[in-house]
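A.B. asks: Next comes protein.txt, compact mmCIF, C-alpha atoms:
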# COMPACT_ATOMS: atom_id res chain seq x y z
CA MET A 1 40.57 -4.19 47.78
CA ILE A 2 36.99 -2.97 48.15
CA GLU A 3 34.67 -4.04 45.35
CA ILE A 4 30.98 -4.19 44.42
CA ILE A 5 29.43 -7.62 45.02
CA PRO A 6 26.37 -8.03 42.72
CA LEU A 7 24.57 -10.56 44.96
CA VAL A 8 24.86 -8.26 48.00
CA VAL A 9 23.66 -5.29 45.89
CA ILE A 10 20.57 -7.25 44.80
CA LEU A 11 19.79 -8.46 48.35
CA ALA A 12 20.27 -4.96 49.79
CA PHE A 13 18.04 -3.51 47.06
CA ILE A 14 15.22 -6.01 47.70
CA PHE A 15 15.26 -5.62 51.49
CA GLU A 16 15.65 -1.82 51.44
CA THR A 17 12.82 -1.46 48.90
CA MET A 18 10.57 -3.46 51.22
CA ASP A 19 11.91 -1.65 54.30
CA SER A 20 11.22 1.82 52.91
CA SER A 21 7.81 0.85 51.55
CA ALA A 22 6.53 -1.52 54.25
CA GLY A 23 8.57 -0.06 57.11
CA MET A 24 10.50 -3.19 58.10
CA GLY A 25 12.85 -6.01 57.18
CA PHE A 26 16.23 -4.50 56.27
CA GLY A 27 18.08 -5.50 59.44
CA THR A 28 15.98 -8.54 60.35
CA GLY A 29 16.06 -9.93 56.82
CA LEU A 30 19.49 -9.01 55.48
CA THR A 31 21.69 -9.63 58.56
CA PRO A 32 21.18 -13.43 58.77
CA LEU A 33 21.53 -13.79 54.99
CA LEU A 34 24.91 -12.02 55.03
CA PHE A 35 26.01 -14.27 57.91
CA VAL A 36 25.01 -17.29 55.81
CA LEU A 37 27.15 -15.90 52.96
CA GLY A 38 30.11 -16.08 55.34
CA TYR A 39 30.53 -12.47 56.51
CA GLU A 40 31.48 -11.67 60.12
CA PRO A 41 29.29 -9.63 62.53
CA LEU A 42 31.70 -6.66 62.50
CA GLN A 43 31.61 -6.70 58.68
CA VAL A 44 27.81 -6.71 58.69
CA VAL A 45 26.21 -4.92 61.68
CA PRO A 46 27.98 -1.51 61.52
CA ILE A 47 27.75 -1.46 57.71
CA LEU A 48 24.00 -2.08 57.80
CA LEU A 49 23.70 0.73 60.36
CA ILE A 50 25.71 3.18 58.20
CA SER A 51 23.72 2.23 55.13
CA GLU A 52 20.39 2.38 57.01
CA ALA A 53 21.27 5.83 58.39
CA ILE A 54 21.86 7.26 54.90
CA THR A 55 18.99 5.42 53.22
CA GLY A 56 16.65 6.27 56.12
CA PHE A 57 17.28 10.00 55.65
CA THR A 58 17.08 9.63 51.86
CA SER A 59 13.78 7.77 51.86
CA GLY A 60 12.41 10.03 54.63
CA PHE A 61 13.25 13.05 52.47
CA PHE A 62 11.63 11.58 49.36
CA HIS A 63 8.56 10.38 51.30
CA GLN A 64 8.10 14.06 52.20
CA GLU A 65 8.78 15.06 48.56
CA PHE A 66 6.14 12.58 47.29
CA GLU A 67 3.71 13.80 49.97
CA ASN A 68 3.33 10.51 51.82
CA VAL A 69 4.00 12.49 54.97
CA ASN A 70 4.13 16.11 56.05
CA PHE A 71 7.00 16.69 58.50
CA LYS A 72 7.34 20.21 59.87
CA ILE A 73 10.58 21.57 61.25
CA LYS A 74 9.17 24.98 62.16
CA ARG A 75 7.07 25.41 65.31
CA PRO A 76 4.31 24.50 66.00
CA ILE A 77 5.35 21.03 64.86
CA ASN A 78 2.49 18.81 63.71
CA ARG A 79 1.44 15.37 64.97
CA GLU A 80 3.34 13.48 62.25
CA THR A 81 6.60 15.10 63.32
CA LYS A 82 5.79 14.48 67.00
CA VAL A 83 5.18 10.77 66.34
CA MET A 84 8.47 10.54 64.43
CA LEU A 85 10.36 12.22 67.31
CA TYR A 86 8.65 9.93 69.81
CA ILE A 87 9.69 6.77 68.00
CA THR A 88 13.18 8.17 67.35
CA ILE A 89 13.86 8.97 71.02
CA PHE A 90 12.83 5.48 72.18
CA GLY A 91 14.84 3.92 69.35
CA CYS A 92 18.00 5.97 70.02
CA ILE A 93 18.06 5.11 73.74
CA ALA A 94 17.47 1.45 72.90
CA ILE A 95 20.17 1.17 70.24
CA LEU A 96 22.75 2.76 72.55
CA ILE A 97 21.96 0.10 75.19
CA SER A 98 22.14 -2.59 72.48
CA VAL A 99 25.60 -1.48 71.26
CA PHE A 100 26.88 -1.35 74.87
CA ILE A 101 25.61 -4.92 75.41
CA THR A 102 27.46 -6.04 72.24
CA TYR A 103 30.73 -4.33 73.10
CA PHE A 104 30.84 -5.19 76.79
CA ALA A 105 29.95 -8.80 75.91
CA ILE A 106 27.05 -9.03 78.35
CA GLN A 107 25.64 -12.54 78.04
CA VAL A 108 22.08 -12.63 76.75
CA ASP A 109 20.41 -15.91 75.77
CA LYS A 110 19.96 -15.39 72.00
CA VAL A 111 17.61 -18.35 71.52
CA VAL A 112 15.16 -17.14 74.17
CA ILE A 113 15.24 -13.61 72.73
CA LYS A 114 14.81 -14.74 69.12
CA THR A 115 11.91 -17.03 70.12
CA TYR A 116 10.27 -14.13 71.94
CA VAL A 117 10.65 -11.82 68.88
CA ALA A 118 9.41 -14.46 66.43
CA ILE A 119 6.30 -15.15 68.57
CA LEU A 120 5.67 -11.41 69.06
CA LEU A 121 5.88 -10.78 65.29
CA LEU A 122 3.62 -13.73 64.52
CA ILE A 123 0.99 -12.56 67.02
CA MET A 124 1.16 -8.94 65.82
CA GLY A 125 1.05 -10.04 62.16
CA ILE A 126 -2.00 -12.24 62.77
CA ILE A 127 -3.79 -9.47 64.72
CA ALA A 128 -3.02 -7.01 61.89
CA ILE A 129 -4.44 -9.41 59.29
CA VAL A 130 -7.57 -10.02 61.39
CA LYS A 131 -7.96 -6.25 61.86
CA LEU A 132 -8.15 -5.81 58.07
CA LYS A 133 -11.83 -6.74 58.32
CA PHE A 134 -12.51 -3.79 60.61
CA LYS A 135 -12.58 -0.06 59.89
CA SER A 136 -9.42 1.92 60.72
CA SER A 137 -9.45 3.26 64.26
CA ASN A 138 -8.75 6.80 65.46
CA TYR A 139 -5.30 7.91 66.57
CA LYS A 140 -4.39 6.44 69.98
CA PRO A 141 -1.22 8.12 71.36
CA LYS A 142 -1.05 5.93 74.50
CA LEU A 143 -0.97 2.77 72.41
CA LEU A 144 1.76 4.30 70.27
CA THR A 145 3.85 5.03 73.39
CA PHE A 146 3.44 1.40 74.45
CA PHE A 147 4.58 0.02 71.07
CA SER A 148 7.47 2.49 70.76
CA GLY A 149 8.64 1.35 74.19
CA LEU A 150 8.19 -2.31 73.27
CA ALA A 151 10.13 -1.89 70.00
CA GLY A 152 12.84 0.03 71.88
CA PHE A 153 13.04 -2.74 74.48
CA ASN A 154 13.49 -5.34 71.71
CA LYS A 155 16.25 -3.35 70.07
CA GLY A 156 17.85 -2.65 73.45
CA ILE A 157 18.25 -6.35 74.24
CA GLY A 158 19.56 -6.93 70.71
CA ALA A 159 16.55 -8.91 69.62
CA GLY A 160 15.84 -7.18 66.29
CA GLY A 161 12.33 -6.79 64.96
CA TYR A 162 12.31 -3.06 65.74
CA GLY A 163 10.81 -2.09 62.38
CA PRO A 164 7.89 -4.56 62.38
CA VAL A 165 6.89 -3.74 65.99
CA VAL A 166 7.05 0.00 65.50
CA MET A 167 5.32 -0.21 62.10
CA LEU A 168 2.46 -2.46 63.22
CA GLY A 169 2.29 -0.46 66.47
CA GLN A 170 1.62 2.68 64.46
CA ILE A 171 -1.09 0.96 62.43
CA PHE A 172 -2.72 -0.41 65.62
CA SER A 173 -2.57 3.16 66.95
CA GLY A 174 -4.62 4.40 63.99
CA ILE A 175 -1.90 5.94 61.80
CA TYR A 176 -2.46 5.89 58.02
CA GLU A 177 -0.29 3.14 56.47
CA LYS A 178 1.52 5.29 53.87
CA THR A 179 2.39 7.90 56.50
CA ALA A 180 3.44 5.26 59.05
CA THR A 181 5.98 3.93 56.52
CA ALA A 182 7.43 7.39 55.98
CA ILE A 183 7.65 8.02 59.73
CA VAL A 184 9.49 4.73 60.34
CA SER A 185 11.92 5.38 57.47
CA LEU A 186 13.07 8.76 58.78
CA SER A 187 13.09 7.54 62.37
CA GLU A 188 15.32 4.59 61.38
CA GLY A 189 17.76 7.06 59.84
CA PHE A 190 18.20 8.84 63.20
CA VAL A 191 18.26 5.59 65.21
CA SER A 192 20.92 4.06 62.93
CA LEU A 193 22.98 7.25 63.15
CA ALA A 194 22.90 6.94 66.96
CA GLY A 195 23.91 3.28 66.64
CA ILE A 196 26.84 3.94 64.35
CA SER A 197 28.01 6.84 66.55
CA ALA A 198 28.07 4.43 69.50
CA PHE A 199 30.05 1.90 67.43
CA MET A 200 32.63 4.63 66.68
CA ILE A 201 32.78 6.19 70.17
CA ILE A 202 32.97 3.07 72.38
CA PRO A 203 36.37 1.85 71.05
CA ILE A 204 37.77 5.35 71.63
CA LEU A 205 36.45 5.36 75.22
CA LYS A 206 37.76 1.84 75.88
CA ASN A 207 41.04 2.66 74.13
CA ILE A 208 40.79 -0.36 71.81
CA PRO A 209 41.20 -0.45 68.00
CA ASN A 210 38.09 0.11 65.92
CA GLU A 211 37.40 -3.19 64.14
CA ILE A 212 34.73 -2.05 61.69
CA ASP A 213 35.35 -3.57 58.26
CA PHE A 214 34.06 -1.43 55.36
CA TYR A 215 34.34 -4.17 52.73
CA LEU A 216 30.55 -4.58 52.29
CA LEU A 217 29.66 -0.87 52.45
CA PRO A 218 29.69 0.00 48.70
CA SER A 219 27.56 -3.04 47.82
CA VAL A 220 25.02 -2.66 50.66
CA PHE A 221 24.87 1.09 50.12
CA THR A 222 24.37 0.81 46.34
CA GLY A 223 21.42 -1.59 46.64
CA GLY A 224 20.00 0.26 49.63
CA PHE A 225 20.26 3.70 48.06
CA ILE A 226 18.44 2.72 44.86
CA GLY A 227 15.75 1.04 47.01
CA ALA A 228 15.41 4.17 49.15
CA LEU A 229 14.82 6.30 46.03
CA ILE A 230 12.25 3.99 44.45
CA SER A 231 10.19 3.07 47.55
CA PRO A 232 8.68 6.49 48.39
CA TYR A 233 7.49 6.75 44.76
CA MET A 234 6.01 3.24 44.96
CA VAL A 235 4.26 4.15 48.21
CA ARG A 236 2.77 7.24 46.54
CA ILE A 237 1.43 5.58 43.41
CA LEU A 238 0.11 2.32 44.83
CA PRO A 239 -3.20 2.65 46.70
CA ASN A 240 -3.24 2.52 50.51
CA LYS A 241 -5.66 -0.44 50.28
CA LEU A 242 -2.75 -2.49 48.92
CA TRP A 243 -0.28 -1.42 51.64
CA LYS A 244 -2.92 -2.27 54.26
CA VAL A 245 -2.70 -5.90 53.11
CA VAL A 246 1.00 -6.06 52.21
CA ILE A 247 2.33 -4.70 55.53
CA PRO A 248 0.76 -7.29 57.91
CA ILE A 249 1.49 -10.17 55.52
CA TYR A 250 5.13 -9.09 55.22
CA ALA A 251 5.37 -8.74 59.04
CA LEU A 252 3.98 -12.25 59.41
CA ALA A 253 6.48 -13.53 56.83
CA ILE A 254 9.34 -11.92 58.79
CA GLY A 255 8.06 -13.58 61.99
CA ILE A 256 8.03 -16.98 60.24
CA TYR A 257 11.51 -16.27 58.82
CA VAL A 258 12.91 -15.53 62.30
CA LEU A 259 11.22 -18.69 63.65
CA LEU A 260 12.70 -20.82 60.82
CA GLN A 261 16.18 -19.49 61.61
CA LEU A 262 15.73 -20.73 65.17
CA PHE A 263 15.18 -24.23 63.86
CA GLY A 264 18.22 -23.86 61.60
CA ILE A 265 16.20 -24.02 58.38
CA MET B 1 -15.19 29.72 63.55
CA LEU B 2 -16.11 26.17 64.52
CA ASN B 3 -15.78 25.13 60.88
CA GLU B 4 -12.34 26.75 60.70
CA GLU B 5 -11.26 24.90 63.86
CA SER B 6 -12.43 21.57 62.53
CA GLN B 7 -10.57 22.28 59.27
CA ILE B 8 -7.34 22.97 61.21
CA GLU B 9 -7.92 19.79 63.24
CA GLU B 10 -8.39 17.83 60.00
CA ILE B 11 -5.15 19.20 58.49
CA ASN B 12 -3.34 18.38 61.74
CA GLU B 13 -4.57 14.75 61.44
CA ILE B 14 -1.81 12.21 60.83
CA GLY B 15 -1.61 11.24 57.17
CA TYR B 16 -4.03 13.94 56.03
CA ILE B 17 -2.14 14.79 52.81
CA ALA B 18 -1.39 11.16 51.87
CA LYS B 19 -5.04 10.25 52.46
CA LYS B 20 -6.25 13.22 50.40
CA ILE B 21 -3.97 12.34 47.46
CA ASP B 22 -5.05 8.71 47.66
CA ILE B 23 -8.73 9.63 47.47
CA GLU B 24 -8.64 12.52 45.00
CA MET B 25 -6.04 11.38 42.45
CA THR B 26 -5.98 8.41 40.10
CA ILE B 27 -2.88 6.19 39.88
CA LEU B 28 -1.89 7.90 36.60
CA GLU B 29 -2.12 11.33 38.25
CA ARG B 30 -0.08 10.09 41.20
CA MET B 31 2.59 8.80 38.80
CA LYS B 32 3.43 12.31 37.58
CA ILE B 33 6.62 13.63 39.17
CA LYS B 34 7.09 17.37 39.82
CA LYS B 35 10.04 19.06 38.10
CA SER B 36 11.52 20.10 41.47
CA THR B 37 11.32 16.49 42.73
CA MET B 38 12.99 15.23 39.54
CA LYS B 39 15.81 17.74 40.11
CA ARG B 40 16.27 16.46 43.68
CA ILE B 41 16.36 12.84 42.51
CA THR B 42 19.04 13.74 39.95
CA MET B 43 20.99 15.58 42.66
CA ALA B 44 20.75 12.58 45.02
CA LEU B 45 22.03 10.27 42.26
CA GLY B 46 24.86 12.71 41.55
CA ILE B 47 25.89 12.71 45.22
CA TYR B 48 25.73 8.91 45.22
CA PHE B 49 28.02 8.55 42.17
CA VAL B 50 30.58 11.06 43.52
CA THR B 51 30.61 9.32 46.94
CA MET B 52 31.05 5.88 45.38
CA PHE B 53 33.82 7.11 43.08
CA LEU B 54 35.67 8.63 46.05
CA PHE B 55 35.17 5.51 48.16
CA LEU B 56 36.16 2.95 45.52
CA TYR B 57 38.97 4.71 43.66
CA ILE B 58 40.45 7.42 45.87
CA LEU B 59 40.11 6.50 49.57
Turn the structure described in the file into C-alpha cells.
C.D. replies:
Amino acid sequence: MIEIIPLVVILAFIFETMDSSAGMGFGTGLTPLLFVLGYEPLQVVPILLISEAITGFTSGFFHQEFENVNFKIKRPINRETKVMLYITIFGCIAILISVFITYFAIQVDKVVIKTYVAILLLIMGIIAIVKLKFKSSNYKPKLLTFFSGLAGFNKGIGAGGYGPVVMLGQIFSGIYEKTATAIVSLSEGFVSLAGISAFMIIPILKNIPNEIDFYLLPSVFTGGFIGALISPYMVRILPNKLWKVVIPIYALAIGIYVLLQLFGI
Amino acid sequence: MLNEESQIEEINEIGYIAKKIDIEMTILERMKIKKSTMKRITMALGIYFVTMFLFLYIL
C-alpha cells in the first residue's frame, strides 16, 4: 500500500525549496537522510530522479514565468538558453555513465570519492565567500565549460555534488545569481530525465526485472512539487544581494555535511 | 547604430531581465503576481492533485 509519509514530505519540501532557490542540495542532502531512515537505494535514487525531473521542469517553467531567467526556444537562442544547454549536455552524458556504473556494479572507492567531493565543495564554498568582497566579474564561457565538465565528471563517477559545483561554477563564471539558479533548475530536470530513462532502459537491455520501488514517490513528489512552486517566487522577491550570500554559505554547509557523513556523524 | 548594437548586447547579457527587475522594482512591487501566472500556478496544482489521486487510489 502506497501512502504519504509526512516526515518525507517535509524533508523533500525543505531540500527542494533550497534546491530550486539556491541551485543545490536535493540529491546530496536528501539521499543520505532517507538512507538513515531505513530506505534502500533502489527505493530512493530512482524516486529522487523522477521527482527531480518533474520539479526541475516545474521550477524552470516558473523561474521563466517570474522573470528570473529568459529562455528562448526560437532561434536565435540567447546566451541564457545556451548556458542551460551546455550544462544539460555535460550532465546528461555524466548521469548515463553514473547509472551504468551503478547497474554494472563497477567498483569505485566511495570513501575516496566522497572525500574528494567534500573537499572540493569546501574549497569552492570558501572561495565564493571570499569573492563576496569583490565586484561581480564579466561572463567567462571558458570557465563555465571547465566547471560544467567538472560537475559532469563528479556525477559520472557517482560522487554527487553536481548542483553545488555547477551553481558555484556559474557564479565564478560571472552569471547573475538569480538567473544561475533558474538555469540549474531547468538543467536538472533534463539531466534527471536522462537518468531515469537509463534506470528504465538498462534492465530491459540486460533482460532483468526492473527493481524500482515507487513507495516513496508520492511523499517525495508532494514535498518537492510545493517547493518547486514556491522557490521561483522567493527568488524573484528576495534581493539578489541576499542570494549572493546565501548560495556560498549553503554550498559550504553541504560540503561540511558530506564531510561529517564520512566520519559517520 | 552603435547605441542600438550596445542595447542588443545588453539585452543578450545573461540575467539582464532579473537584474533589471531587481534594480527597478521594490520588494512590494516584485511580490505582485500577474493574472496569467496565477492561472498557471492553479493549473499546475490541478495537475498535481489529479496525478496524486490517480497514483494513490486508482493505479
A.B. asks: For stretch 39-52 of chain B, list every protein, DNA or RNA residue within 9 Å, evaluated using only C-alpha atoms, and leave out those in the same chain fewer than 6 positions away; present the list as an MDAnalysis selection string.
C.D. replies: chainID A and resid 58 62 218 222 225:226 229
A.B. asks: Could you tell me which of A:Ser231, A:Asn210, A:Ser20, A:Asn138 comes closest to A:Tyr176 if we count only C-alpha atoms?
C.D. replies: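 The shortest atom-to-atom distance to A:Tyr176 comes from A:Asn138.
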A.B. asks: Could you tell me how far atom CA of A:Thr81 lies from atom CA of A:Ser137, in Å and to one decimal?
C.D. replies: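 Between atom CA of A:Thr81 and atom CA of A:Ser137 the gap is 20.0 Å.
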A.B. asks: Tell me, in Å to one decimal, how far atom CA of A:Tyr39 is from atom CA of A:Phe190.
C.D. replies: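 It comes out at 25.5 Å.
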A.B. asks: Nearest residue to A:Leu252 out of A:Ile93, A:Ala128, A:Pro76, A:Val8, using all atoms listed in the file?
C.D. replies: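 Closest to A:Leu252 of all the choices is A:Ala128.
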A.B. asks: Using all atoms listed in the file and a cut-off of 8 Å, which residues of chain B sit close to chain A? Please list them as an MDAnalysis selection string.
C.D. replies: chainID B and resid 12:15 17:19 22 27:28 30:31 37 41 52 55:56
A.B. asks: List the spatial neighbours of A:Tyr250 as a list in words - criterion: any atom at most 8 Å away, all atoms listed in the file, same-chain residues fewer than 4 positions off excluded.
C.D. replies: Ala22, Val246 and Ile254 of chain A
A.B. asks: As an exercise, work out the distance from atom CA of A:Lys133 to atom CA of A:Tyr162 in Å and give it to one decimal place.
C.D. replies: 25.5 Å
A.B. asks: Could you pull out every residue with an atom within 10 Å of (1.9, 3.1, 72.5), file coordinates, counting only C-alpha atoms, and send them as a ChimeraX atom specification?
C.D. replies: /A:86-87,140-151,166,169-170,172-173
A.B. asks: Which is closest to A:Thr181 among A:Phe35, A:Met24, A:Phe13, A:Ile123, if we use all atoms listed in the file?
C.D. replies: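 The answer is A:Met24, which sits nearest to A:Thr181.
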A.B. asks: Which polymer residues have any atom within 10 Å of an atom of A:Asn154, counting all atoms listed in the file, with same-chain residues fewer than 6 positions away left out, as a ChimeraX atom specification?
C.D. replies: /A:91,94-95,98,113-114,116-117,148,160-162,165
A.B. asks: Hey, could you pull the box centre and edge lengths for stretch 251-261 of chain A, axis-aligned, 6 Å padding per side, all listed atoms, to one decimal in Å, as lines of an AutoDock Vina configuration file?
C.D. replies:
center_x = 10.1
center_y = -14.8
center_z = 60.2
size_x = 24.2
size_y = 24.1
size_z = 18.8
